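*Asks:* First the structure, which I've put down as structure tokens, then a few questions once you've had a look.
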Amino acid sequence: MSSTALIVLGPSGCGKGSLLRRLREKHPEFHLAVSWTTRAPRDEDRGAYIYKTREEFESAIAGGEFLEYDEHYGDYYGTPRSELLEGVTTIIEIEIKGAEQIRKQMPDIPVFLITPPSIQELERRIRHREPNLPEEKVQRRLERARMELEVGPKLANTVILNETGEEGFEQAYQQLEEAVMSFVS
Ligand code: 5GP
């Protein structure tokens with residue numbers, strides 16, 4: 001099967017979701033891979049997941065149906081191979097362990113890493129976006145972000161800094177679009 005795919009990585013709060021939303025608005029021809037998960041649906045998911053039972057997910061694992069999968073906080077998450085559509089550029093938005101698994105199978109797949117200006121700024125964004133998030137979860141996300149920002153650059157072809165403010169977002173978007181288009185064309 002011929003397919004083109006790319007990975008977009010970045011810690012929670014780096015602005016990856018907004019950048020990808022803009023990219024998809026401008027380029028509806030791209031396909032954004034939809035993950036499977038066994039966790040319960042949430043309002044903010046907005047079509048990000050297909051929900052499965054543990055039995056369904058484990059049967060798909062046994063059938064080799066995933067490009068990658070992982071367990072987070074007791075639930076499975078994974079990218080089904082069927083999300084790689086023939087002749088369509090597929091964007092896989094994923095965390096670092098999933099990206100490493102995909103790289104092993106697709107060594108040439110480009111990886112774009114979105115980074116915040118600093119961990120302090122990331123913390124500010126996370127607290128601003130979800131003011132009621134329990135402190136333990138804030139700290140868990142920050143710990144994870146530190147790891148992603150340390151390991152991510154070793155995996156990434158392109159690192160895109162998403163500065164705070166509208167101008168920073170515009171610059172990050174332009175850089176992402178340029179990098180993606182240079183890969184696609
Ligand atoms: P949430 O439940 O907050 O939406 O996601 C929890 C974690 O699962 C996040 O770190 C997110 O990046 C990760 N995740 C979401 N989809 C996938 C996927 O398809 N594969 C893997 N490996 N992780 C995923």
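Note on naming: chains are A, B, ... as they come in the structure tokens, residues start from 1 per chain, ligands start from 1 in the order shown.
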Which polymer residues have any atom within 6 Å of an atom of Leu6 (chain A), counting only C-alpha atoms, with same-chain residues fewer than 5 positions away left out, as number ranges by chain?
*Replies:* A: 91, 109-110
*Asks:* Using only N, CA and C atoms, please write the residues we just selected to a file, as a JSON list (two decimals), in the first residue's frame.
*Replies:*
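Contents of the output file selection21.json:
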[["chain", "number", "residue", "atom", "x", "y", "z"],
["A", 91, "ILE", "N", -2.04, 12.74, 8.96],
["A", 91, "ILE", "CA", -1.31, 13.36, 10.06],
["A", 91, "ILE", "C", -1.62, 12.58, 11.33],
["A", 109, "ILE", "N", 9.43, 8.19, 8.21],
["A", 109, "ILE", "CA", 8.29, 9.07, 8.49],
["A", 109, "ILE", "C", 8.78, 10.37, 9.17],
["A", 110, "PRO", "N", 8.40, 11.53, 8.65],
["A", 110, "PRO", "CA", 8.87, 12.76, 9.28],
["A", 110, "PRO", "C", 8.14, 13.06, 10.59]]
*Asks:* Please run DSSP on the backbone and report, as a PyMOL selection string, all residues within region 120-173 of chain A that come out as alpha helix (DSSP H).
*Replies:* chain A and resi 120-129+135-155+166-173
*Asks:* Within chain A, find each residue whose DSSP state, derived from the backbone, is strand (DSSP E or B), and express the selection as a compact mmCIF listing (two decimals) with C-alpha atoms, in the first residue's frame.
*Replies:*
# COMPACT_ATOMS: atom_id res chain seq x y z
CA THR A 4 2.23 9.15 3.11
CA ALA A 5 2.07 9.98 6.75
CA LEU A 6 3.67 12.36 9.18
CA ILE A 7 3.79 12.65 12.94
CA VAL A 8 3.08 15.75 15.00
CA LEU A 9 4.38 15.57 18.57
CA HIS A 31 -6.49 13.22 6.91
CA LEU A 32 -6.09 13.46 10.68
CA SER A 35 -7.18 6.96 17.57
CA TRP A 36 -9.01 4.19 19.32
CA THR A 37 -9.34 4.32 23.09
CA TYR A 49 -11.38 9.11 19.33
CA ILE A 50 -13.28 5.99 18.42
CA TYR A 51 -14.39 4.32 21.66
CA PHE A 66 -2.37 -1.27 15.33
CA LEU A 67 0.46 0.81 13.95
CA GLU A 68 1.16 1.57 17.60
CA TYR A 69 -0.69 1.43 20.91
CA ASP A 70 0.00 2.17 24.54
CA GLU A 71 -1.68 2.20 27.93
CA HIS A 72 -2.14 5.51 29.76
CA ASP A 75 -6.77 2.70 29.41
CA TYR A 76 -5.60 1.66 25.98
CA TYR A 77 -4.94 4.16 23.20
CA GLY A 78 -3.77 3.27 19.71
CA THR A 79 -3.52 4.23 16.06
CA PRO A 80 -5.09 1.60 13.78
CA THR A 89 -1.47 12.42 3.50
CA THR A 90 -2.28 11.31 7.05
CA ILE A 91 -1.31 13.36 10.06
CA ILE A 92 -0.74 11.33 13.20
CA GLU A 93 -0.93 13.43 16.36
CA VAL A 111 8.33 13.95 12.84
CA PHE A 112 7.42 17.54 13.71
CA LEU A 113 7.81 18.56 17.34
CA ILE A 114 5.88 21.56 18.68
CA THR A 115 7.51 23.15 21.74
CA THR A 158 11.72 19.74 12.55
CA VAL A 159 11.26 21.52 15.89
CA ILE A 160 8.70 24.32 15.87
CA LEU A 161 8.63 26.84 18.70
*Asks:* Just the number, please: distance in Å from atom 7 (C, counted along the ligand's line) of ligand 1 to CA of Glu148 (chain A), one decimal.
*Replies:*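 Spanning atom 7 (C, counted along the ligand's line) of ligand 1 to CA of Glu148 (chain A) is a straight-line distance of 12.8 Å.
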*Asks:* Name the residues in contact with Glu163 (chain A) at a cut-off of 9 Å, using only C-alpha atoms, excluding same-chain residues fewer than 4 positions from it; report them as a ChimeraX atom specification.
*Replies:* /A:115-117,167-169,171-172
*Asks:* Work out how far CA of Ala33 (chain A) is from CA of Glu83 (chain A), in Å to one decimal.
*Replies:* 5.5 Å
*Asks:* Find the distance between CA of Met147 (chain A) and CA of Leu133 (chain A) and write it in Å to one decimal.
*Replies:*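 Distance between the two atoms: 20.5 Å.
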*Asks:* Select, from A:Gly15, A:Gly152, A:Pro134, A:Gly98, the residue with the minimum atom-to-atom distance to ligand 1, counting only C-alpha atoms and all ligand atoms.
*Replies:* A:Gly98
